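So this one's final_18.cif, mmCIF, C-alpha atoms:
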```cif
data_data
loop_
_atom_site.label_atom_id
_atom_site.label_comp_id
_atom_site.auth_asym_id
_atom_site.auth_seq_id
_atom_site.Cartn_x
_atom_site.Cartn_y
_atom_site.Cartn_z
CA MET V 1 94.34 205.88 -67.27
CA SER V 2 92.90 208.53 -64.99
CA HIS V 3 89.22 209.37 -65.06
CA LYS V 4 87.40 212.47 -64.01
CA ARG V 5 83.99 211.88 -62.52
CA ILE V 6 81.94 214.75 -63.69
CA PRO V 7 78.52 215.15 -62.10
CA LYS V 8 75.64 215.87 -64.42
CA ARG V 9 76.45 217.10 -67.88
CA LYS V 10 79.66 218.25 -69.47
CA ALA V 11 79.22 217.62 -73.15
CA ALA V 12 78.42 219.75 -76.13
CA ILE V 13 76.35 218.85 -79.14
CA ALA V 14 78.43 218.15 -82.22
CA VAL V 15 77.81 220.46 -85.13
CA GLY V 16 80.20 219.29 -87.82
CA GLY V 17 83.25 217.30 -88.84
CA VAL V 18 83.36 213.92 -87.14
CA VAL V 19 80.02 213.96 -85.35
CA ALA V 20 79.17 212.77 -81.86
CA LEU V 21 76.17 210.84 -83.04
CA GLY V 22 73.61 210.96 -80.22
CA ALA V 23 73.65 214.53 -78.92
CA ALA V 24 73.71 215.70 -82.55
CA ALA V 25 70.54 213.71 -83.06
CA ILE V 26 68.15 216.26 -81.61
CA LEU V 27 64.80 215.05 -82.83
CA LEU V 28 64.30 218.57 -83.74
CA PRO V 29 66.50 218.36 -86.87
CA SER V 30 68.95 220.79 -88.45
CA ALA V 31 70.39 221.99 -91.73
CA ASN V 32 73.31 221.52 -94.03
CA ALA V 33 76.32 223.66 -93.19
CA SER V 34 76.64 224.38 -96.88
CA GLN V 35 73.35 226.27 -96.72
CA ASP V 36 74.56 228.83 -94.19
CA GLY V 37 76.12 231.05 -96.80
CA ALA V 38 73.08 231.15 -99.07
CA PRO V 39 71.81 234.58 -100.13
CA ASP V 40 68.98 236.07 -98.07
CA ASP V 41 66.48 235.82 -100.90
CA ALA V 42 67.23 232.13 -101.33
CA ALA V 43 66.81 231.58 -97.60
CA ALA V 44 63.44 233.33 -97.32
CA ALA V 45 61.45 230.12 -97.72
CA PRO V 46 61.96 227.12 -95.40
CA ARG V 47 64.38 224.60 -96.84
CA THR V 48 63.61 220.95 -97.42
CA LEU V 49 65.96 219.16 -95.03
CA LYS V 50 66.94 215.64 -94.15
CA ALA V 51 66.25 214.80 -90.52
CA GLY V 52 69.94 214.38 -89.73
CA ASP V 53 70.89 217.66 -91.42
CA ALA V 54 68.17 219.50 -89.54
CA SER V 55 69.55 218.45 -86.13
CA ASP V 56 72.67 220.59 -86.54
CA LEU V 57 70.59 223.60 -87.50
CA ALA V 58 68.32 223.28 -84.45
CA ALA V 59 71.31 223.13 -82.12
CA ARG V 60 72.97 226.07 -83.83
CA LEU V 61 69.85 228.22 -83.71
CA ALA V 62 69.21 227.40 -80.06
CA GLY V 63 72.55 228.99 -79.23
CA THR V 64 72.08 231.92 -81.59
CA LEU V 65 68.59 232.90 -80.44
CA GLY V 66 69.24 232.81 -76.71
CA ASP V 67 66.16 233.74 -74.66
CA ALA V 68 64.11 234.16 -77.83
CA TYR V 69 64.38 230.45 -78.57
CA ALA V 70 61.36 228.45 -77.41
CA GLY V 71 61.98 225.00 -78.83
CA ALA V 72 61.87 223.41 -82.27
CA TRP V 73 60.73 220.30 -84.06
CA TYR V 74 61.03 218.56 -87.40
CA ASP V 75 58.03 218.43 -89.69
CA GLY V 76 58.52 215.01 -91.22
CA GLU V 77 55.75 215.42 -93.78
CA ASP V 78 57.12 218.64 -95.25
CA LYS V 79 60.71 217.87 -94.23
CA ARG V 80 61.17 221.24 -92.57
CA LEU V 81 62.58 222.42 -89.30
CA VAL V 82 60.10 224.51 -87.31
CA VAL V 83 61.59 226.86 -84.71
CA ASN V 84 59.58 228.61 -82.00
CA VAL V 85 60.52 232.26 -81.43
CA VAL V 86 59.06 234.33 -78.60
CA ARG V 87 56.55 236.82 -79.96
CA GLY V 88 57.98 240.29 -80.64
CA GLU V 89 61.50 239.08 -81.42
CA GLY V 90 61.41 240.05 -85.09
CA ASP V 91 65.16 240.19 -85.56
CA MET V 92 65.54 236.67 -84.26
CA ALA V 93 62.75 235.45 -86.54
CA LEU V 94 64.69 236.83 -89.49
CA LYS V 95 67.75 234.84 -88.42
CA VAL V 96 65.70 231.66 -88.34
CA ARG V 97 64.29 232.28 -91.81
CA SER V 98 67.68 233.15 -93.25
CA ALA V 99 69.03 229.87 -91.89
CA GLY V 100 66.37 227.95 -93.81
CA ALA V 101 63.96 227.05 -91.01
CA GLU V 102 60.28 227.87 -90.58
CA VAL V 103 59.39 230.38 -87.84
CA ARG V 104 56.47 230.12 -85.47
CA GLU V 105 55.85 232.96 -83.02
CA VAL V 106 54.78 231.77 -79.57
CA ASP V 107 53.88 233.29 -76.20
CA ASN V 108 55.71 231.04 -73.75
CA SER V 109 59.50 231.23 -73.49
CA MET V 110 61.59 228.21 -72.61
CA ALA V 111 62.43 229.82 -69.27
CA GLU V 112 58.73 230.13 -68.42
CA LEU V 113 57.98 226.59 -69.48
CA GLN V 114 60.92 225.24 -67.51
CA ALA V 115 59.80 227.20 -64.45
CA GLY V 116 56.36 225.63 -64.81
CA ALA V 117 57.92 222.20 -64.97
CA GLY V 118 59.84 223.06 -61.80
CA THR V 119 56.59 223.87 -60.04
CA LEU V 120 55.12 220.55 -61.11
CA LYS V 121 58.17 218.77 -59.78
CA SER V 122 57.99 220.45 -56.38
CA GLU V 123 54.21 220.41 -55.98
CA ALA V 124 52.97 217.38 -57.89
CA THR V 125 55.59 214.66 -57.96
CA ILE V 126 53.08 211.84 -57.95
CA PRO V 127 53.74 208.29 -59.15
CA GLY V 128 51.99 207.74 -62.45
CA THR V 129 52.37 211.31 -63.71
CA SER V 130 54.59 212.89 -66.33
CA TRP V 131 55.21 216.28 -67.84
CA ALA V 132 57.32 217.60 -70.65
CA VAL V 133 57.61 220.76 -72.70
CA ASP V 134 55.91 220.20 -76.05
CA PRO V 135 57.30 222.65 -78.64
CA ARG V 136 54.48 221.81 -81.02
CA THR V 137 51.90 223.27 -78.61
CA ASN V 138 54.30 225.61 -76.75
CA LYS V 139 52.93 224.18 -73.54
CA ILE V 140 53.82 221.71 -70.85
CA LEU V 141 52.08 218.43 -71.53
CA VAL V 142 51.11 216.81 -68.22
CA THR V 143 49.92 213.20 -68.23
CA ALA V 144 48.45 211.06 -65.48
CA ASP V 145 48.06 207.31 -65.79
CA SER V 146 45.22 205.14 -64.53
CA THR V 147 46.65 204.98 -61.00
CA VAL V 148 46.25 208.74 -60.40
CA THR V 149 42.81 209.14 -58.84
CA GLY V 150 41.05 210.84 -55.92
CA ASP V 151 43.19 213.22 -53.88
CA LYS V 152 46.21 212.64 -56.12
CA TRP V 153 44.26 213.71 -59.20
CA ASP V 154 42.88 216.77 -57.39
CA ARG V 155 46.40 217.77 -56.34
CA LEU V 156 47.74 217.39 -59.85
CA GLU V 157 44.84 219.28 -61.42
CA SER V 158 45.12 222.21 -59.00
CA THR V 159 48.90 222.45 -59.61
CA VAL V 160 48.36 222.59 -63.37
CA GLU V 161 45.71 225.30 -62.94
CA SER V 162 48.10 227.34 -60.76
CA LEU V 163 50.52 227.64 -63.68
CA GLY V 164 48.06 229.92 -65.45
CA SER V 165 46.08 229.77 -68.65
CA GLY V 166 47.96 228.67 -71.74
CA MET V 167 50.91 227.15 -69.90
CA ALA V 168 50.02 223.47 -69.62
CA THR V 169 47.56 220.83 -70.68
CA LEU V 170 46.49 217.85 -68.58
CA LYS V 171 45.40 214.54 -70.00
CA LYS V 172 44.55 211.12 -68.64
CA SER V 173 46.20 207.94 -69.88
CA GLU V 174 44.41 204.61 -69.79
CA GLY V 175 47.58 202.63 -69.23
CA THR V 176 50.19 202.51 -66.47
CA PHE V 177 53.66 204.01 -66.77
CA ARG V 178 56.49 201.47 -66.71
CA THR V 179 60.11 202.22 -65.97
CA PHE V 180 61.66 199.44 -68.04
CA VAL V 181 63.99 199.46 -71.05
CA SER V 182 66.44 197.01 -72.59
CA GLY V 183 69.80 197.60 -74.21
CA GLY V 184 69.58 199.28 -77.60
CA ASP V 185 66.30 201.05 -76.84
CA ALA V 186 65.82 204.74 -77.57
CA ILE V 187 66.19 207.27 -74.75
CA PHE V 188 65.27 210.95 -74.87
CA ALA V 189 66.15 214.19 -73.10
CA GLY V 190 65.85 217.85 -73.99
CA GLY V 191 64.81 217.08 -77.56
CA ALA V 192 67.77 214.76 -78.09
CA ARG V 193 67.62 211.05 -78.85
CA CYS V 194 70.30 208.56 -77.87
CA SER V 195 70.41 204.82 -77.27
CA LEU V 196 70.66 202.87 -74.06
CA GLY V 197 73.87 200.87 -73.99
CA PHE V 198 73.73 198.27 -71.25
CA ASN V 199 71.85 197.90 -68.00
CA VAL V 200 74.27 197.72 -65.08
CA THR V 201 74.35 197.70 -61.29
CA ALA V 202 75.75 200.85 -59.68
CA GLY V 203 78.24 200.64 -56.85
CA ASP V 204 75.51 200.96 -54.20
CA GLY V 205 73.47 198.13 -55.73
CA SER V 206 70.91 200.31 -57.50
CA PRO V 207 69.83 199.73 -61.13
CA ALA V 208 71.38 201.97 -63.78
CA PHE V 209 72.50 201.97 -67.39
CA LEU V 210 75.45 203.09 -69.46
CA THR V 211 75.20 205.35 -72.47
CA ALA V 212 77.46 207.83 -74.24
CA GLY V 213 78.86 210.69 -72.18
CA HIS V 214 78.11 213.30 -74.83
CA CYS V 215 74.42 212.38 -74.60
CA ALA V 216 74.40 213.94 -71.13
CA ALA V 217 74.66 217.36 -72.80
CA ALA V 218 70.98 217.12 -73.70
CA GLY V 219 69.79 217.04 -70.10
CA ASP V 220 69.92 215.24 -66.78
CA ALA V 221 66.53 213.53 -66.89
CA TRP V 222 65.99 210.80 -69.49
CA SER V 223 62.84 209.07 -70.70
CA ASP V 224 62.17 205.92 -72.71
CA GLN V 225 59.51 207.77 -74.73
CA GLN V 226 59.70 211.04 -76.62
CA GLY V 227 58.13 213.65 -74.34
CA GLY V 228 57.51 210.96 -71.73
CA GLU V 229 57.95 210.88 -67.98
CA PRO V 230 61.63 210.81 -66.96
CA ILE V 231 62.72 207.38 -65.74
CA ALA V 232 66.40 207.96 -65.01
CA THR V 233 68.87 210.69 -64.02
CA VAL V 234 72.47 211.25 -65.10
CA ASP V 235 74.82 210.42 -62.24
CA GLN V 236 78.27 210.67 -63.85
CA ALA V 237 79.40 211.70 -67.31
CA LEU V 238 82.71 212.14 -69.09
CA PHE V 239 83.22 213.78 -72.51
CA PRO V 240 85.59 214.79 -73.99
CA GLY V 241 88.83 213.47 -72.49
CA ASP V 242 89.70 209.93 -71.42
CA GLY V 243 86.42 208.50 -72.64
CA ASP V 244 82.82 209.06 -73.70
CA PHE V 245 80.47 207.45 -71.20
CA ALA V 246 77.74 208.23 -68.70
CA LEU V 247 76.16 206.34 -65.82
CA VAL V 248 72.42 207.04 -65.62
CA ARG V 249 70.52 205.78 -62.57
CA TYR V 250 66.91 204.63 -62.76
CA ASP V 251 64.72 206.84 -60.58
CA VAL V 252 62.76 203.89 -59.15
CA PRO V 253 65.03 201.50 -57.18
CA ALA V 254 62.74 198.55 -57.97
CA THR V 255 63.14 198.99 -61.73
CA GLU V 256 63.73 195.74 -63.61
CA ALA V 257 66.95 196.18 -65.55
CA PRO V 258 67.78 192.90 -67.31
CA SER V 259 71.24 192.29 -68.68
CA GLU V 260 70.24 191.92 -72.31
CA VAL V 261 70.08 193.77 -75.62
CA ASN V 262 66.82 194.16 -77.49
CA VAL V 263 67.60 193.53 -81.17
CA GLY V 264 64.04 193.91 -82.40
CA GLY V 265 61.67 191.05 -81.67
CA GLN V 266 64.22 189.09 -79.65
CA THR V 267 66.85 189.70 -76.99
CA VAL V 268 70.50 188.74 -76.61
CA PRO V 269 71.49 187.93 -72.99
CA ILE V 270 74.60 189.84 -71.91
CA VAL V 271 76.84 187.77 -69.69
CA GLN V 272 79.73 190.06 -68.92
CA ALA V 273 81.93 192.84 -70.25
CA ALA V 274 84.99 192.05 -72.36
CA GLU V 275 87.89 193.79 -74.05
CA ALA V 276 87.68 194.17 -77.81
CA THR V 277 90.04 192.35 -80.14
CA VAL V 278 91.10 193.55 -83.58
CA GLY V 279 89.39 191.44 -86.26
CA GLN V 280 86.60 190.46 -83.86
CA GLN V 281 83.07 190.33 -85.28
CA VAL V 282 80.79 192.64 -83.35
CA PHE V 283 77.18 193.75 -83.50
CA ARG V 284 75.85 197.24 -82.81
CA MET V 285 72.30 198.00 -81.75
CA GLY V 286 71.00 201.55 -81.93
CA SER V 287 67.59 203.18 -81.74
CA THR V 288 67.92 204.84 -85.16
CA THR V 289 69.32 202.17 -87.46
CA GLY V 290 68.68 199.01 -85.47
CA LEU V 291 71.16 196.15 -85.78
CA ALA V 292 74.39 196.31 -87.79
CA ASP V 293 77.57 194.23 -87.73
CA GLY V 294 81.21 194.51 -88.69
CA GLN V 295 84.73 194.10 -87.36
CA VAL V 296 87.00 195.77 -84.85
CA LEU V 297 89.71 197.64 -86.76
CA GLY V 298 91.78 199.18 -83.98
CA LEU V 299 92.08 199.74 -80.24
CA ASP V 300 93.02 202.72 -78.06
CA ALA V 301 91.87 205.05 -80.82
CA THR V 302 91.98 208.82 -80.43
CA VAL V 303 89.21 210.88 -82.01
CA ASN V 304 89.26 214.67 -82.29
CA TYR V 305 85.65 215.74 -82.15
CA PRO V 306 84.64 219.40 -82.54
CA GLU V 307 84.14 219.48 -78.76
CA GLY V 308 87.56 218.07 -78.00
CA THR V 309 89.75 214.99 -78.11
CA VAL V 310 88.60 211.60 -76.84
CA THR V 311 91.11 208.80 -76.26
CA GLY V 312 90.96 205.09 -75.55
CA LEU V 313 88.21 204.23 -78.04
CA ILE V 314 87.55 201.17 -80.22
CA GLN V 315 87.58 201.73 -83.98
CA THR V 316 85.29 199.61 -86.19
CA ASP V 317 83.72 199.51 -89.64
CA VAL V 318 80.22 199.13 -88.15
CA CYS V 319 77.94 201.85 -89.47
CA ALA V 320 76.01 204.23 -87.23
CA GLU V 321 73.86 207.35 -87.53
CA PRO V 322 72.47 210.12 -85.29
CA GLY V 323 70.43 208.66 -82.46
CA ASP V 324 72.54 205.48 -82.28
CA SER V 325 74.91 207.17 -79.84
CA GLY V 326 75.35 205.28 -76.58
CA GLY V 327 74.01 202.08 -78.12
CA SER V 328 75.35 198.60 -77.45
CA LEU V 329 78.36 197.01 -79.13
CA PHE V 330 78.40 193.32 -78.30
CA THR V 331 79.27 189.85 -79.54
CA GLN V 332 76.95 187.08 -80.64
CA ASP V 333 77.62 185.14 -77.47
CA GLY V 334 76.71 187.97 -75.13
CA LEU V 335 79.90 189.86 -74.33
CA ALA V 336 79.47 193.60 -73.82
CA ILE V 337 82.19 195.39 -75.77
CA GLY V 338 81.42 199.08 -76.26
CA LEU V 339 79.12 202.11 -76.34
CA THR V 340 78.63 204.02 -79.59
CA SER V 341 80.57 207.28 -79.44
CA GLY V 342 80.76 208.84 -82.92
CA GLY V 343 82.17 208.60 -86.38
CA SER V 344 81.68 209.49 -90.00
CA GLY V 345 79.57 208.15 -92.84
CA ASP V 346 76.20 206.47 -92.43
CA CYS V 347 74.44 203.14 -92.96
CA THR V 348 73.89 203.85 -96.65
CA VAL V 349 77.50 204.42 -97.68
CA GLY V 350 79.28 203.01 -94.61
CA GLY V 351 81.99 204.70 -92.63
CA GLU V 352 84.14 204.53 -89.52
CA THR V 353 82.65 204.43 -86.06
CA PHE V 354 84.25 204.66 -82.63
CA PHE V 355 83.12 203.05 -79.41
CA GLN V 356 83.81 203.60 -75.73
CA PRO V 357 85.10 200.34 -74.17
CA VAL V 358 82.56 199.05 -71.65
CA THR V 359 85.29 197.71 -69.36
CA THR V 360 86.84 201.15 -68.96
CA ALA V 361 83.47 202.78 -68.33
CA LEU V 362 82.52 200.21 -65.68
CA GLU V 363 85.81 200.71 -63.87
CA ALA V 364 85.46 204.50 -63.92
CA VAL V 365 81.90 204.65 -62.58
CA GLY V 366 82.23 201.72 -60.19
CA ALA V 367 79.46 199.62 -61.75
CA THR V 368 79.11 195.95 -62.68
CA LEU V 369 77.41 194.23 -65.59
CA GLY V 370 75.88 190.82 -66.20
CA ASP V 371 77.08 188.27 -63.66
CA GLY V 372 78.90 191.03 -61.80
CA GLY V 373 82.12 190.72 -63.77
CA GLY V 374 83.96 193.55 -65.41
CA ALA V 375 86.31 192.57 -68.21
CA ALA V 376 86.54 189.05 -69.48
CA ALA V 377 90.06 187.80 -70.03
CA GLY V 378 91.29 188.70 -73.48
CA ASP V 379 92.02 185.09 -74.43
CA GLN V 380 88.61 183.99 -73.23
CA ALA V 381 86.91 186.65 -75.28
CA ASP V 382 88.91 185.71 -78.36
CA GLY V 383 88.05 182.05 -78.02
CA GLN V 384 84.36 182.67 -77.50
CA ASP V 385 84.09 184.97 -80.46
CA ALA V 386 86.00 182.63 -82.72
CA GLY V 387 83.45 179.94 -81.95
CA ALA V 388 80.62 182.38 -82.39
CA GLU V 389 81.78 183.30 -85.87
CA GLN V 390 81.90 179.62 -86.87
CA ASP V 391 78.60 178.49 -85.42
CA GLY V 392 76.35 181.49 -85.52
CA ALA V 393 76.28 182.69 -89.07
CA GLY V 394 72.92 181.15 -89.85
CA GLY V 395 71.16 182.39 -86.73
CA ASP V 396 72.42 185.91 -86.98
CA GLN V 397 71.77 186.19 -90.66
CA GLY V 398 68.04 186.34 -90.02
CA VAL V 399 68.51 188.99 -87.37
CA GLN V 400 70.81 190.94 -89.67
CA GLU V 401 68.31 190.82 -92.52
CA GLN V 402 65.64 192.11 -90.18
CA SER V 403 67.90 194.94 -89.06
CA ASP V 404 68.84 195.84 -92.62
CA MET V 405 65.19 196.38 -93.46
CA GLY V 406 64.91 198.65 -90.45
CA SER V 407 68.02 200.54 -91.48
CA ASP V 408 66.56 201.27 -94.89
CA ARG V 409 63.69 203.12 -93.27
CA HIS V 410 66.20 205.52 -91.74
CA SER V 411 68.52 205.95 -94.68
CA GLY V 412 67.52 209.60 -94.96
CA LEU V 413 69.15 210.45 -91.63
CA THR V 414 72.52 211.81 -92.67
CA ARG V 415 75.04 214.18 -91.23
CA THR V 416 76.98 217.11 -92.62
CA HIS V 417 80.77 216.70 -92.57
#
```
Show me, as structure tokens, the structure contained in the file I just sent.
Amino acid sequence: MSHKRIPKRKAAIAVGGVVALGAAAILLPSANASQDGAPDDAAAAPRTLKAGDASDLAARLAGTLGDAYAGAWYDGEDKRLVVNVVRGEGDMALKVRSAGAEVREVDNSMAELQAGAGTLKSEATIPGTSWAVDPRTNKILVTADSTVTGDKWDRLESTVESLGSGMATLKKSEGTFRTFVSGGDAIFAGGARCSLGFNVTAGDGSPAFLTAGHCAAAGDAWSDQQGGEPIATVDQALFPGDGDFALVRYDVPATEAPSEVNVGGQTVPIVQAAEATVGQQVFRMGSTTGLADGQVLGLDATVNYPEGTVTGLIQTDVCAEPGDSGGSLFTQDGLAIGLTSGGSGDCTVGGETFFQPVTTALEAVGATLGDGGGAAAGDQADGQDAGAEQDGAGGDQGVQEQSDMGSDRHSGLTRTH
């Protein structure tokens, strides 16, 4: 199988059909496709939307509004999508309202905010600082931790002031920024939420992680907190085509990147990557729905997403929802199997989900995982998992029950098909 190494991003956000879970999970939600054809009078008031439905609408409106679009967010209390429109763009505001979202007129365009962030990057790249565009305030939120003092604070403060009034806010944090995440944790970029798959070692020995390739559509710089300081940068990404994977390098070479998956309150050590086997019991960890399990149903699957065809995937009956994209698929005894790509259904009604094989991704990007191995021998993987299924039911049952409770909290996140 040939692989294209595509620098930076080359993925689009899914808007319908079989959904690419993570990039479609823009925390700034979106609306049901069935609502698009509603009469204008019915669309005058903001619609009540599920978080998953709202993600599609936000993505669609971002493309429709062009330069008038200045960000969006989901109002969880009122269950509405709020879209920022640059002041004076009345026609665009009407489009937002007719689509069922709430309009807020703002002064700062996305281009202006992004330019301000560029100035911060060039003039005030100081350890212990962060900045991100906050659509709720229509400003750049700049944060400095407890290590930013003296001349460093003065430099940061003067850079923020140079952006002009109403462009940025500066606040001090009592803690210290850490660049550390474990497999299954949430990662954010450009308003999108995905899941970290597995920590790996890049070809040059630097720490990195794998996630879904379509997640790279949201942006190059990724954070482990919503609106937080970027901790890693996309190095390679592929989607669609012969896979759906991305290698994201940690920005700080000394970052601790353990080979483990955080399953909520405990971790599962990941020993090495392995090929999937049909009938194999597997566990998926994602930042939206937590832990879920199921079986491998097929190998070398082809999926035709709205953005294009992806081949060489693993098909399972493990549920997944928006935001789980890129998350870990692994076995009870610590074999890394796959990265969540996409699928249909949700964790309320079930469905089919497809995963990028970890072994293929490692080979394509030149990285290693766990003890440095790539794929475990197929027979070895089969034997280990057979034993795991016999011995581990009791131990994993508690973890599964914990994850099920977490999944229930997110049962409202659904997609439009």
Report the residues retrieved by the PyMOL selection byres ((chain V and resi 221) around 8) from the displayed file, expressed as a short mmCIF file (atom, residue, chain, number, x, y, z; two decimals) with C-alpha atoms, in the frame of the given file.
```cif
data_model
loop_
_atom_site.label_atom_id
_atom_site.label_comp_id
_atom_site.auth_asym_id
_atom_site.auth_seq_id
_atom_site.Cartn_x
_atom_site.Cartn_y
_atom_site.Cartn_z
CA ALA V 189 66.15 214.19 -73.10
CA GLY V 219 69.79 217.04 -70.10
CA ASP V 220 69.92 215.24 -66.78
CA TRP V 222 65.99 210.80 -69.49
CA SER V 223 62.84 209.07 -70.70
CA PRO V 230 61.63 210.81 -66.96
CA ILE V 231 62.72 207.38 -65.74
CA ALA V 232 66.40 207.96 -65.01
CA THR V 233 68.87 210.69 -64.02
CA VAL V 234 72.47 211.25 -65.10
#
```
Item to complete: Return the single residue from V:Met285, V:Leu297, V:Leu369, V:Ile140 that is closest to V:Gly205, with distances computed using all atoms listed in the file.
Response: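 The answer is V:Leu369, which sits nearest to V:Gly205.
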Item to complete: Record the distance separating atom CA of V:Ser158 and atom CA of V:Ser109, expressed in Å with one decimal.
Response: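 One can read the atom CA of V:Ser158 to atom CA of V:Ser109 distance as 22.3 Å.
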Worksheet item: Pick the closest to V:Ala58 from V:Gly338, V:Gly90, V:Gly191, V:Gly203: which is it, counting all atoms listed in the file?
Response: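 Closest to V:Ala58 of all the choices is V:Gly191.
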Worksheet item: Which distance in Å separates atom CA of V:Ala364 and atom CA of V:Ala237, to one decimal?
Response: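 Separation of atom CA of V:Ala364 and atom CA of V:Ala237: 10.0 Å.
Restricting the calculation to all atoms listed in the file, the smallest distance between V:Glu112 and any of V:Asp204, V:Asp67, V:Asp78, V:Glu256 is found for V:Asp67.
Here atom CA of V:Pro135 is placed at a distance of 8.5 Å from atom CA of V:Val83.
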Worksheet item: Could you name the residues that touch stretch 257-260 of chain V at 9 Å or less, counting only C-alpha atoms, but leaving out those on the same chain fewer than 6 positions away, as an MDAnalysis selection string?
Response: chainID V and resid 180:183 198:201 207:209 250 267:272 334 369:371
